[in-house]
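upload_9.json (JSON, C-alpha atoms) appears below.
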```json
[["chain", "number", "residue", "atom", "x", "y", "z"],
["A", 1, "MET", "CA", -69.64, 21.38, 13.81],
["A", 2, "GLU", "CA", -67.32, 24.15, 14.97],
["A", 3, "THR", "CA", -66.50, 25.06, 11.38],
["A", 4, "ASN", "CA", -70.18, 25.50, 10.66],
["A", 5, "TRP", "CA", -70.86, 28.07, 13.32],
["A", 6, "ALA", "CA", -67.62, 29.92, 12.58],
["A", 7, "ALA", "CA", -68.46, 30.05, 8.87],
["A", 8, "GLU", "CA", -72.03, 31.09, 9.69],
["A", 9, "HIS", "CA", -70.76, 33.87, 11.94],
["A", 10, "LEU", "CA", -68.47, 35.08, 9.17],
["A", 11, "GLN", "CA", -71.38, 35.03, 6.73],
["A", 12, "VAL", "CA", -73.56, 37.01, 9.16],
["A", 13, "ILE", "CA", -70.77, 39.56, 9.59],
["A", 14, "ARG", "CA", -70.29, 39.86, 5.82],
["A", 15, "THR", "CA", -74.02, 40.31, 5.20],
["A", 16, "LEU", "CA", -74.44, 42.92, 7.91],
["A", 17, "MET", "CA", -71.38, 44.86, 6.81],
["A", 18, "GLU", "CA", -72.64, 44.91, 3.24],
["A", 19, "ARG", "CA", -76.09, 45.97, 4.36],
["A", 20, "SER", "CA", -74.61, 48.70, 6.49],
["A", 21, "ALA", "CA", -72.18, 50.16, 4.02],
["A", 22, "VAL", "CA", -72.81, 49.32, 0.41],
["A", 23, "TYR", "CA", -75.53, 50.70, -1.73],
["A", 24, "ARG", "CA", -77.34, 47.68, -3.09],
["A", 25, "ARG", "CA", -79.67, 49.02, -5.76],
["A", 26, "ALA", "CA", -78.97, 47.81, -9.30],
["A", 27, "LEU", "CA", -77.40, 50.75, -11.06],
["A", 28, "ALA", "CA", -77.47, 49.43, -14.64],
["A", 29, "PRO", "CA", -81.03, 50.68, -15.35],
["A", 30, "VAL", "CA", -80.25, 54.06, -13.76],
["A", 31, "MET", "CA", -77.09, 54.50, -15.82],
["A", 32, "THR", "CA", -78.80, 53.37, -19.02],
["A", 33, "LEU", "CA", -81.71, 55.77, -18.47],
["A", 34, "ASN", "CA", -79.37, 58.69, -17.80],
["A", 35, "GLY", "CA", -77.20, 57.73, -20.77],
["A", 36, "ALA", "CA", -80.17, 57.56, -23.11],
["A", 37, "MET", "CA", -81.45, 60.92, -21.85],
["A", 38, "GLY", "CA", -78.03, 62.56, -22.15],
["A", 39, "THR", "CA", -77.45, 61.29, -25.67],
["A", 40, "GLY", "CA", -80.97, 62.22, -26.76],
["A", 41, "ALA", "CA", -80.65, 65.67, -25.21],
["A", 42, "ALA", "CA", -77.33, 66.36, -26.97],
["A", 43, "LEU", "CA", -78.86, 65.38, -30.30],
["A", 44, "ALA", "CA", -81.89, 67.54, -29.56],
["A", 45, "GLY", "CA", -79.57, 70.43, -28.68],
["A", 46, "TRP", "CA", -77.89, 70.14, -32.07],
["A", 47, "VAL", "CA", -81.10, 69.72, -34.03],
["A", 48, "LEU", "CA", -82.93, 72.51, -32.22],
["A", 49, "LYS", "CA", -79.82, 74.72, -32.46],
["A", 50, "ILE", "CA", -79.84, 75.66, -28.80],
["A", 51, "SER", "CA", -76.94, 78.05, -29.09],
["A", 52, "SER", "CA", -77.48, 80.90, -26.61],
["A", 53, "LEU", "CA", -75.89, 80.45, -23.23],
["A", 54, "ARG", "CA", -79.09, 80.98, -21.28],
["A", 55, "ALA", "CA", -80.99, 78.50, -23.42],
["A", 56, "PHE", "CA", -78.10, 76.04, -23.05],
["A", 57, "ILE", "CA", -78.16, 76.30, -19.25],
["A", 58, "LEU", "CA", -81.93, 76.08, -19.05],
["A", 59, "PHE", "CA", -82.07, 73.16, -21.47],
["A", 60, "TRP", "CA", -79.44, 71.10, -19.64],
["A", 61, "ALA", "CA", -80.84, 72.03, -16.21],
["A", 62, "CYS", "CA", -84.20, 70.59, -17.32],
["A", 63, "VAL", "CA", -82.50, 67.45, -18.67],
["A", 64, "GLY", "CA", -80.62, 67.11, -15.36],
["A", 65, "ALA", "CA", -83.81, 67.53, -13.32],
["A", 66, "LEU", "CA", -85.60, 64.91, -15.45],
["A", 67, "ALA", "CA", -82.66, 62.51, -15.13],
["A", 68, "VAL", "CA", -82.59, 62.91, -11.33],
["A", 69, "ALA", "CA", -86.37, 62.38, -11.12],
["A", 70, "GLY", "CA", -86.17, 59.31, -13.39],
["A", 71, "SER", "CA", -83.28, 57.86, -11.36],
["A", 72, "PHE", "CA", -85.17, 58.33, -8.08],
["A", 73, "LEU", "CA", -88.24, 56.65, -9.54],
["A", 74, "LEU", "CA", -86.19, 53.66, -10.71],
["A", 75, "VAL", "CA", -84.46, 53.34, -7.34],
["A", 76, "ARG", "CA", -87.78, 53.67, -5.52],
["A", 77, "ARG", "CA", -89.31, 50.95, -7.69],
["A", 78, "GLN", "CA", -86.44, 48.60, -6.87],
["A", 79, "ALA", "CA", -86.77, 49.35, -3.16],
["A", 80, "LEU", "CA", -90.51, 48.67, -3.22],
["A", 81, "LYS", "CA", -89.95, 45.45, -5.15],
["A", 82, "GLU", "CA", -87.52, 44.22, -2.48],
["A", 83, "SER", "CA", -89.79, 45.46, 0.35],
["A", 84, "GLU", "CA", -87.04, 47.74, 1.60],
["A", 85, "PRO", "CA", -87.21, 51.41, 2.57],
["A", 86, "PHE", "CA", -86.42, 53.79, -0.27],
["A", 87, "TRP", "CA", -84.71, 56.34, 1.95],
["A", 88, "SER", "CA", -82.35, 53.78, 3.47],
["A", 89, "PRO", "CA", -79.12, 54.73, 5.28],
["A", 90, "PRO", "CA", -76.93, 53.92, 2.21],
["A", 91, "THR", "CA", -79.23, 55.96, -0.07],
["A", 92, "ARG", "CA", -79.01, 58.83, 2.37],
["A", 93, "ARG", "CA", -75.23, 58.58, 2.63],
["A", 94, "ILE", "CA", -74.84, 58.54, -1.14],
["A", 95, "THR", "CA", -77.12, 61.55, -1.55],
["A", 96, "GLN", "CA", -75.18, 63.41, 1.14],
["A", 97, "ALA", "CA", -71.88, 62.51, -0.53],
["A", 98, "MET", "CA", -73.02, 63.68, -3.96],
["A", 99, "LEU", "CA", -74.82, 66.81, -2.83],
["A", 100, "PRO", "CA", -71.95, 69.31, -2.34],
["A", 101, "ALA", "CA", -70.53, 68.87, -5.85],
["A", 102, "LEU", "CA", -74.00, 68.82, -7.44],
["A", 103, "VAL", "CA", -75.04, 71.95, -5.55],
["A", 104, "ALA", "CA", -71.79, 73.63, -6.65],
["A", 105, "GLY", "CA", -72.65, 72.75, -10.27],
["A", 106, "PHE", "CA", -76.13, 74.17, -9.83],
["A", 107, "ILE", "CA", -74.80, 77.40, -8.29],
["A", 108, "VAL", "CA", -72.18, 77.85, -11.03],
["A", 109, "GLY", "CA", -74.89, 77.40, -13.67],
["A", 110, "ALA", "CA", -77.27, 79.78, -11.89],
["A", 111, "VAL", "CA", -74.60, 82.47, -11.47],
["A", 112, "VAL", "CA", -73.56, 82.27, -15.12],
["A", 113, "TRP", "CA", -77.22, 82.29, -16.20],
["A", 114, "ALA", "CA", -77.88, 85.40, -14.12],
["A", 115, "ARG", "CA", -74.79, 87.25, -15.33],
["A", 116, "VAL", "CA", -75.03, 86.61, -19.03],
["A", 117, "VAL", "CA", -74.84, 89.89, -20.88],
["A", 118, "SER", "CA", -77.53, 90.81, -23.36],
["A", 119, "ALA", "CA", -75.62, 89.66, -26.48],
["A", 120, "PRO", "CA", -76.30, 85.95, -26.41],
["A", 121, "GLU", "CA", -74.01, 85.07, -29.31],
["A", 122, "SER", "CA", -70.91, 86.95, -28.16],
["A", 123, "LEU", "CA", -67.62, 85.06, -28.13],
["A", 124, "ASP", "CA", -67.30, 85.43, -24.36],
["A", 125, "ASN", "CA", -70.62, 83.73, -23.87],
["A", 126, "MET", "CA", -69.69, 80.94, -26.24],
["A", 127, "LEU", "CA", -66.46, 80.34, -24.29],
["A", 128, "LEU", "CA", -68.41, 80.46, -21.08],
["A", 129, "MET", "CA", -70.76, 77.80, -22.46],
["A", 130, "LEU", "CA", -67.83, 75.41, -23.00],
["A", 131, "TRP", "CA", -66.25, 76.13, -19.66],
["A", 132, "LEU", "CA", -69.59, 75.68, -17.97],
["A", 133, "ALA", "CA", -70.09, 72.30, -19.65],
["A", 134, "LEU", "CA", -66.61, 71.20, -18.55],
["A", 135, "SER", "CA", -67.18, 72.51, -15.00],
["A", 136, "TRP", "CA", -70.35, 70.44, -14.79],
["A", 137, "VAL", "CA", -68.48, 67.38, -16.05],
["A", 138, "VAL", "CA", -65.70, 67.78, -13.46],
["A", 139, "LEU", "CA", -68.11, 68.52, -10.59],
["A", 140, "TYR", "CA", -70.29, 65.58, -11.56],
["A", 141, "GLY", "CA", -67.17, 63.40, -11.49],
["A", 142, "CYS", "CA", -66.36, 64.70, -8.00],
["A", 143, "ALA", "CA", -69.92, 63.85, -6.90],
["A", 144, "PHE", "CA", -69.61, 60.29, -8.19],
["A", 145, "HIS", "CA", -66.17, 59.85, -6.71],
["A", 146, "ALA", "CA", -67.49, 60.88, -3.28],
["A", 147, "ALA", "CA", -70.48, 58.55, -3.61],
["A", 148, "GLY", "CA", -68.13, 55.77, -4.71],
["A", 149, "PHE", "CA", -66.97, 55.29, -1.12],
["A", 150, "PHE", "CA", -70.41, 53.83, -0.35],
["A", 151, "MET", "CA", -70.85, 52.00, -3.64],
["A", 152, "PRO", "CA", -68.96, 49.41, -5.66],
["A", 153, "ARG", "CA", -65.40, 50.54, -6.44],
["A", 154, "GLY", "CA", -66.19, 51.03, -10.14],
["A", 155, "MET", "CA", -68.11, 54.20, -9.29],
["A", 156, "ARG", "CA", -64.95, 55.96, -8.17],
["A", 157, "ILE", "CA", -63.24, 55.02, -11.43],
["A", 158, "PHE", "CA", -66.29, 56.35, -13.28],
["A", 159, "GLY", "CA", -65.94, 59.59, -11.29],
["A", 160, "TRP", "CA", -62.26, 59.81, -12.18],
["A", 161, "ALA", "CA", -63.12, 59.41, -15.88],
["A", 162, "PHE", "CA", -65.26, 62.56, -15.63],
["A", 163, "ILE", "CA", -62.70, 64.51, -13.60],
["A", 164, "LEU", "CA", -59.73, 63.64, -15.80],
["A", 165, "GLY", "CA", -61.72, 63.89, -19.04],
["A", 166, "GLY", "CA", -63.12, 67.29, -18.10],
["A", 167, "CYS", "CA", -59.75, 68.63, -16.95],
["A", 168, "GLY", "CA", -58.09, 67.19, -20.06],
["A", 169, "LEU", "CA", -60.50, 69.05, -22.33],
["A", 170, "PHE", "CA", -59.92, 72.21, -20.28],
["A", 171, "ALA", "CA", -56.21, 71.82, -20.93],
["A", 172, "LEU", "CA", -56.67, 71.13, -24.64],
["A", 173, "GLY", "CA", -58.79, 74.22, -25.12],
["A", 174, "ILE", "CA", -61.35, 74.70, -27.86],
["A", 175, "PRO", "CA", -60.49, 73.22, -31.25],
["A", 176, "ASP", "CA", -60.65, 75.63, -34.19],
["A", 177, "TRP", "CA", -62.62, 73.23, -36.36],
["A", 178, "ALA", "CA", -65.53, 72.89, -33.98],
["A", 179, "ASP", "CA", -68.70, 74.91, -34.05],
["A", 180, "ARG", "CA", -68.71, 76.02, -30.43],
["A", 181, "PHE", "CA", -72.32, 75.31, -29.51],
["A", 182, "VAL", "CA", -72.14, 71.93, -31.26],
["A", 183, "TYR", "CA", -68.94, 71.20, -29.33],
["A", 184, "ALA", "CA", -70.57, 72.18, -26.01],
["A", 185, "HIS", "CA", -73.56, 69.89, -26.64],
["A", 186, "GLY", "CA", -71.08, 67.24, -27.80],
["A", 187, "ILE", "CA", -69.22, 67.40, -24.49],
["A", 188, "MET", "CA", -72.48, 67.05, -22.58],
["A", 189, "GLY", "CA", -73.67, 64.25, -24.86],
["A", 190, "PHE", "CA", -70.42, 62.32, -24.59],
["A", 191, "PHE", "CA", -70.01, 62.53, -20.81],
["A", 192, "PHE", "CA", -73.63, 62.50, -19.66],
["A", 193, "GLY", "CA", -74.85, 60.31, -22.51],
["A", 194, "VAL", "CA", -72.35, 57.96, -24.10],
["A", 195, "LEU", "CA", -70.24, 57.33, -20.97],
["A", 196, "HIS", "CA", -73.36, 56.55, -18.91],
["A", 197, "LEU", "CA", -74.68, 54.24, -21.60],
["A", 198, "ALA", "CA", -71.36, 52.40, -21.80],
["A", 199, "TYR", "CA", -71.17, 52.05, -18.02],
["A", 200, "GLY", "CA", -74.83, 50.98, -17.92],
["A", 201, "VAL", "CA", -74.14, 48.16, -20.39],
["A", 202, "TYR", "CA", -71.05, 47.12, -18.41],
["A", 203, "LEU", "CA", -73.05, 47.11, -15.16],
["A", 204, "TYR", "CA", -75.89, 45.21, -16.77],
["A", 205, "PHE", "CA", -73.58, 42.23, -17.32],
["A", 206, "THR", "CA", -71.48, 42.50, -14.15],
["A", 207, "GLU", "CA", -74.39, 43.13, -11.74],
["A", 208, "GLN", "CA", -76.30, 40.23, -13.28],
["A", 209, "ARG", "CA", -73.27, 37.96, -12.81],
["A", 210, "LYS", "CA", -72.92, 39.03, -9.17],
["A", 211, "ASN", "CA", -76.60, 38.30, -8.56],
["A", 212, "GLU", "CA", -76.23, 34.86, -10.05],
["A", 213, "MET", "CA", -73.25, 34.02, -7.78],
["B", 1, "MET", "CA", -57.22, 20.39, 16.27],
["B", 2, "ASN", "CA", -55.81, 23.50, 17.94],
["B", 3, "PRO", "CA", -58.40, 24.92, 20.41],
["B", 4, "GLU", "CA", -56.39, 28.12, 20.82],
["B", 5, "PRO", "CA", -58.36, 30.40, 18.40],
["B", 6, "PHE", "CA", -61.68, 29.34, 19.90],
["B", 7, "LEU", "CA", -60.49, 30.10, 23.44],
["B", 8, "GLN", "CA", -59.25, 33.53, 22.34],
["B", 9, "LEU", "CA", -62.63, 34.62, 20.92],
["B", 10, "ASP", "CA", -63.82, 37.82, 22.55],
["B", 11, "ARG", "CA", -66.94, 36.92, 24.56],
["B", 12, "VAL", "CA", -68.22, 40.50, 24.47],
["B", 13, "ILE", "CA", -68.39, 40.44, 20.65],
["B", 14, "HIS", "CA", -69.32, 36.78, 20.34],
["B", 15, "GLU", "CA", -72.93, 37.26, 21.47],
["B", 16, "LYS", "CA", -75.24, 37.39, 18.42],
["B", 17, "GLY", "CA", -76.79, 40.80, 19.06],
["B", 18, "ARG", "CA", -73.51, 42.50, 19.84],
["B", 19, "LEU", "CA", -71.85, 40.83, 16.85],
["B", 20, "GLY", "CA", -74.56, 42.40, 14.68],
["B", 21, "ILE", "CA", -73.94, 45.84, 16.17],
["B", 22, "MET", "CA", -70.18, 45.55, 15.77],
["B", 23, "SER", "CA", -70.52, 44.33, 12.15],
["B", 24, "MET", "CA", -72.80, 47.19, 11.18],
["B", 25, "LEU", "CA", -70.58, 49.78, 12.82],
["B", 26, "ALA", "CA", -67.41, 48.29, 11.35],
["B", 27, "ALA", "CA", -68.63, 49.07, 7.85],
["B", 28, "SER", "CA", -69.89, 52.55, 8.51],
["B", 29, "PRO", "CA", -68.28, 55.64, 10.05],
["B", 30, "GLU", "CA", -71.30, 56.05, 12.33],
["B", 31, "LEU", "CA", -74.91, 54.95, 12.58],
["B", 32, "SER", "CA", -77.83, 56.34, 14.49],
["B", 33, "PHE", "CA", -79.49, 54.34, 17.24],
["B", 34, "THR", "CA", -82.64, 54.12, 15.09],
["B", 35, "GLU", "CA", -80.76, 52.85, 12.04],
["B", 36, "LEU", "CA", -79.12, 50.13, 14.10],
["B", 37, "ARG", "CA", -82.37, 49.18, 15.82],
["B", 38, "ASP", "CA", -84.27, 48.94, 12.51],
["B", 39, "ALA", "CA", -81.53, 47.11, 10.62],
["B", 40, "LEU", "CA", -80.99, 44.55, 13.38],
["B", 41, "GLU", "CA", -84.68, 44.32, 14.25],
["B", 42, "MET", "CA", -84.03, 44.80, 17.95],
["B", 43, "THR", "CA", -86.14, 46.44, 20.59],
["B", 44, "ASP", "CA", -84.98, 49.72, 22.14],
["B", 45, "GLY", "CA", -84.29, 47.99, 25.45],
["B", 46, "ASN", "CA", -82.35, 45.15, 23.88],
["B", 47, "LEU", "CA", -80.19, 47.48, 21.81],
["B", 48, "THR", "CA", -79.57, 49.78, 24.78],
["B", 49, "SER", "CA", -78.48, 46.84, 26.92],
["B", 50, "HIS", "CA", -76.03, 45.58, 24.26],
["B", 51, "MET", "CA", -74.73, 49.07, 23.64],
["B", 52, "ARG", "CA", -74.03, 49.49, 27.33],
["B", 53, "THR", "CA", -72.00, 46.27, 27.39],
["B", 54, "LEU", "CA", -70.03, 47.36, 24.33],
["B", 55, "GLN", "CA", -69.47, 50.82, 25.80],
["B", 56, "GLU", "CA", -68.23, 49.33, 29.08],
["B", 57, "ALA", "CA", -65.77, 47.21, 27.09],
["B", 58, "GLY", "CA", -64.59, 50.40, 25.36],
["B", 59, "TYR", "CA", -65.59, 49.18, 21.91],
["B", 60, "VAL", "CA", -68.33, 51.65, 21.04],
["B", 61, "SER", "CA", -68.73, 55.36, 21.61],
["B", 62, "VAL", "CA", -72.14, 56.98, 21.77],
["B", 63, "SER", "CA", -72.75, 60.66, 21.17],
["B", 64, "LYS", "CA", -75.95, 62.59, 21.66],
["B", 65, "SER", "CA", -76.93, 65.62, 19.62],
["B", 66, "TYR", "CA", -79.99, 67.29, 18.12],
["B", 67, "GLU", "CA", -81.23, 67.16, 14.56],
["B", 68, "ASN", "CA", -84.26, 69.29, 13.64],
["B", 69, "ASN", "CA", -84.89, 69.84, 17.35],
["B", 70, "ARG", "CA", -85.07, 66.11, 17.95],
["B", 71, "PRO", "CA", -82.52, 64.15, 19.98],
["B", 72, "LEU", "CA", -80.19, 62.05, 17.88],
["B", 73, "THR", "CA", -78.03, 59.28, 19.33],
["B", 74, "THR", "CA", -75.11, 58.31, 17.12],
["B", 75, "CYS", "CA", -72.93, 55.25, 17.62],
["B", 76, "SER", "CA", -69.50, 54.45, 16.23],
["B", 77, "LEU", "CA", -66.65, 52.03, 16.87],
["B", 78, "THR", "CA", -63.71, 53.22, 18.95],
["B", 79, "PRO", "CA", -60.16, 52.33, 17.79],
["B", 80, "ALA", "CA", -60.16, 49.59, 20.44],
["B", 81, "GLY", "CA", -63.47, 48.32, 19.04],
["B", 82, "LYS", "CA", -62.11, 48.23, 15.50],
["B", 83, "LYS", "CA", -59.05, 46.31, 16.68],
["B", 84, "ALA", "CA", -61.11, 43.86, 18.70],
["B", 85, "PHE", "CA", -63.51, 43.28, 15.81],
["B", 86, "ALA", "CA", -60.67, 42.70, 13.31],
["B", 87, "ASN", "CA", -59.09, 40.28, 15.78],
["B", 88, "TYR", "CA", -62.41, 38.45, 16.23],
["B", 89, "VAL", "CA", -62.86, 38.05, 12.46],
["B", 90, "ASN", "CA", -59.28, 36.79, 12.10],
["B", 91, "LEU", "CA", -59.86, 34.16, 14.77],
["B", 92, "LEU", "CA", -63.07, 33.02, 13.07],
["B", 93, "GLU", "CA", -61.18, 32.69, 9.79],
["B", 94, "GLN", "CA", -58.49, 30.66, 11.53],
["B", 95, "ILE", "CA", -61.13, 28.32, 12.96],
["B", 96, "VAL", "CA", -62.69, 27.85, 9.52],
["B", 97, "GLN", "CA", -59.28, 27.26, 7.92],
["B", 98, "GLN", "CA", -58.07, 24.77, 10.47],
["B", 99, "ASN", "CA", -61.26, 22.71, 10.22],
["B", 100, "LYS", "CA", -61.31, 22.62, 6.43],
["B", 101, "PRO", "CA", -61.03, 19.07, 5.05],
["B", 102, "LYS", "CA", -57.55, 18.56, 3.57]]
```

Full structure transcribed into structure tokens:
Amino acid sequence: METNWAAEHLQVIRTLMERSAVYRRALAPVMTLNGAMGTGAALAGWVLKISSLRAFILFWACVGALAVAGSFLLVRRQALKESEPFWSPPTRRITQAMLPALVAGFIVGAVVWARVVSAPESLDNMLLMLWLALSWVVLYGCAFHAAGFFMPRGMRIFGWAFILGGCGLFALGIPDWADRFVYAHGIMGFFFGVLHLAYGVYLYFTEQRKNEM
Amino acid sequence: MNPEPFLQLDRVIHEKGRLGIMSMLAASPELSFTELRDALEMTDGNLTSHMRTLQEAGYVSVSKSYENNRPLTTCSLTPAGKKAFANYVNLLEQIVQQNKPK
């Protein structure tokens, strides 16, 4: 008898702590959507030859805005399905955690966009395009790492992959063989597309298993 | 069976409502009064009464501020509250362990 109430109390504590701290929306669909959009956008960037810095910034800013909107819609749909508030405390905490790094990325992009000199194909601008892409990757990693404190631990590792990958490519510099605008879209496509898709697939199986437990 | 862990259980935390408050706050740096009230489905009066008991025991600190010109009451666990809660959970685990069929 005594074991029962003690075990029940522990279960209540566990449930409440999870509800209080951990973000409980399924992230596999969000990651897969973002991955598909990132990969598709990189391919579109190559095909459409988006090679000027301003066009590059504008193009990826639009992709980012669409990805954020799509993610919010998916999360909102899940919340409605579970009859829970969309703007729950964990959602708010995660947004607050991600915001500084994302805003920094936005500001860096806006400043570069505003300061681009008239010659869109100059070497400086092409270098700037690569550095901008890598800055976005690193800042996005920082955003995910911060959010990871309110999400499953894997999110922080995912954030680290962006931070270390972005810094690693900074250190390696620009390879001679690569067409610079193709390389810049490639970086975006790999980090914001392929990595998200891979993590989405991983989450699809692990989240499903957790739900079955 | 050793009754020791059961006798050591903190009566302030053991009450269902207060246990809920302590559990929520243990997993979060701080929560607003409204968040706690909504998550635990308590009335304002009920939550206030439990919060007062927890404050008197030194387990919870309450701070009042303003957000968008509206008063905001924020609650968090004190170090003593964190220690007491960890101790409470340990005792519960001991009770479960010692009553497990061998």

Proximal residues of chain B relative to chain A (only C-alpha atoms; 6 Å) as an MDAnalysis selection string | chainID B and resid 23:24 27:28 92 96 99

With C-alpha atoms retained, export the selected residues as a compact mmCIF listing (two decimals), in the frame of the given file.
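To be explicit, this is the file written out as part.txt:
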```txt
# COMPACT_ATOMS: atom_id res chain seq x y z
CA SER B 23 -70.52 44.33 12.15
CA MET B 24 -72.80 47.19 11.18
CA ALA B 27 -68.63 49.07 7.85
CA SER B 28 -69.89 52.55 8.51
CA LEU B 92 -63.07 33.02 13.07
CA VAL B 96 -62.69 27.85 9.52
CA ASN B 99 -61.26 22.71 10.22
```

Contacts of region 62-64 of chain B at 8 Å or less, counting all atoms listed in the file, minus same-chain residues fewer than 4 places along, as a PyMOL selection string?
-> chain B and resi 55+71-76

Atomic separation - CA of Met126 (chain A) relative to CA of Leu33 (chain A), Å | 29.0 Å

Work out how far apart CA of Gly105 (chain A) and CA of Ser135 (chain A) are and give it in Å to one decimal.
-> 7.2 Å

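Put simply, CA of Leu77 (chain B) is 8.9 Å away from CA of Gly58 (chain B).
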
Considering only C-alpha atoms, return as a PyMOL selection string whatever protein or nucleic-acid residues lie within 12 Å of Gln8 (chain B), sequence-local ones (same chain, fewer than 5 positions apart) excluded.
-> chain B and resi 2-3+13-14+84+87-92+94-95

Compile the contact shell of region 155-160 of chain A as an MDAnalysis selection string: residues with an atom at most 9 Å away, counting all atoms listed in the file, same-chain residues fewer than 5 positions apart removed.
-> chainID A and resid 138 140:149 165 195 199

Just-selected residues, C-alpha atoms written as a PDB file, in the coordinates of the input:
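Contents of again_31.pdb, as written:
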```
ATOM      1  CA  VAL A 138     -65.700  67.780 -13.460  1.00  0.00           C
ATOM      2  CA  TYR A 140     -70.290  65.580 -11.560  1.00  0.00           C
ATOM      3  CA  GLY A 141     -67.170  63.400 -11.490  1.00  0.00           C
ATOM      4  CA  CYS A 142     -66.360  64.700  -8.000  1.00  0.00           C
ATOM      5  CA  ALA A 143     -69.920  63.850  -6.900  1.00  0.00           C
ATOM      6  CA  PHE A 144     -69.610  60.290  -8.190  1.00  0.00           C
ATOM      7  CA  HIS A 145     -66.170  59.850  -6.710  1.00  0.00           C
ATOM      8  CA  ALA A 146     -67.490  60.880  -3.280  1.00  0.00           C
ATOM      9  CA  ALA A 147     -70.480  58.550  -3.610  1.00  0.00           C
ATOM     10  CA  GLY A 148     -68.130  55.770  -4.710  1.00  0.00           C
ATOM     11  CA  PHE A 149     -66.970  55.290  -1.120  1.00  0.00           C
ATOM     12  CA  GLY A 165     -61.720  63.890 -19.040  1.00  0.00           C
ATOM     13  CA  LEU A 195     -70.240  57.330 -20.970  1.00  0.00           C
ATOM     14  CA  TYR A 199     -71.170  52.050 -18.020  1.00  0.00           C
TER      15      TYR A 199
END
```

Pick from A:Leu139, A:Ile57, A:Leu203, A:Leu130: nearest to Pro175 (chain A), with all atoms listed in the file counted?
->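 The shortest atom-to-atom distance to Pro175 (chain A) comes from A:Leu130.
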
Quick one: everything within 12 Å of Phe56 (chain A), counting only C-alpha atoms, minus sequence neighbours fewer than 4 positions away in the same chain. Send it as a PyMOL selection string.
-> chain A and resi 41-42+44-46+48-52+60-63+109-110+112-113+116+120-121+125-126+128-130+132-133+180-182+184-185+188

Name the residues in contact with Thr43 (chain B) at a cut-off of 12 Å, using only C-alpha atoms, excluding same-chain residues fewer than 6 positions from it; report them as a PyMOL selection string.
-> chain B and resi 17+33-37+49-50
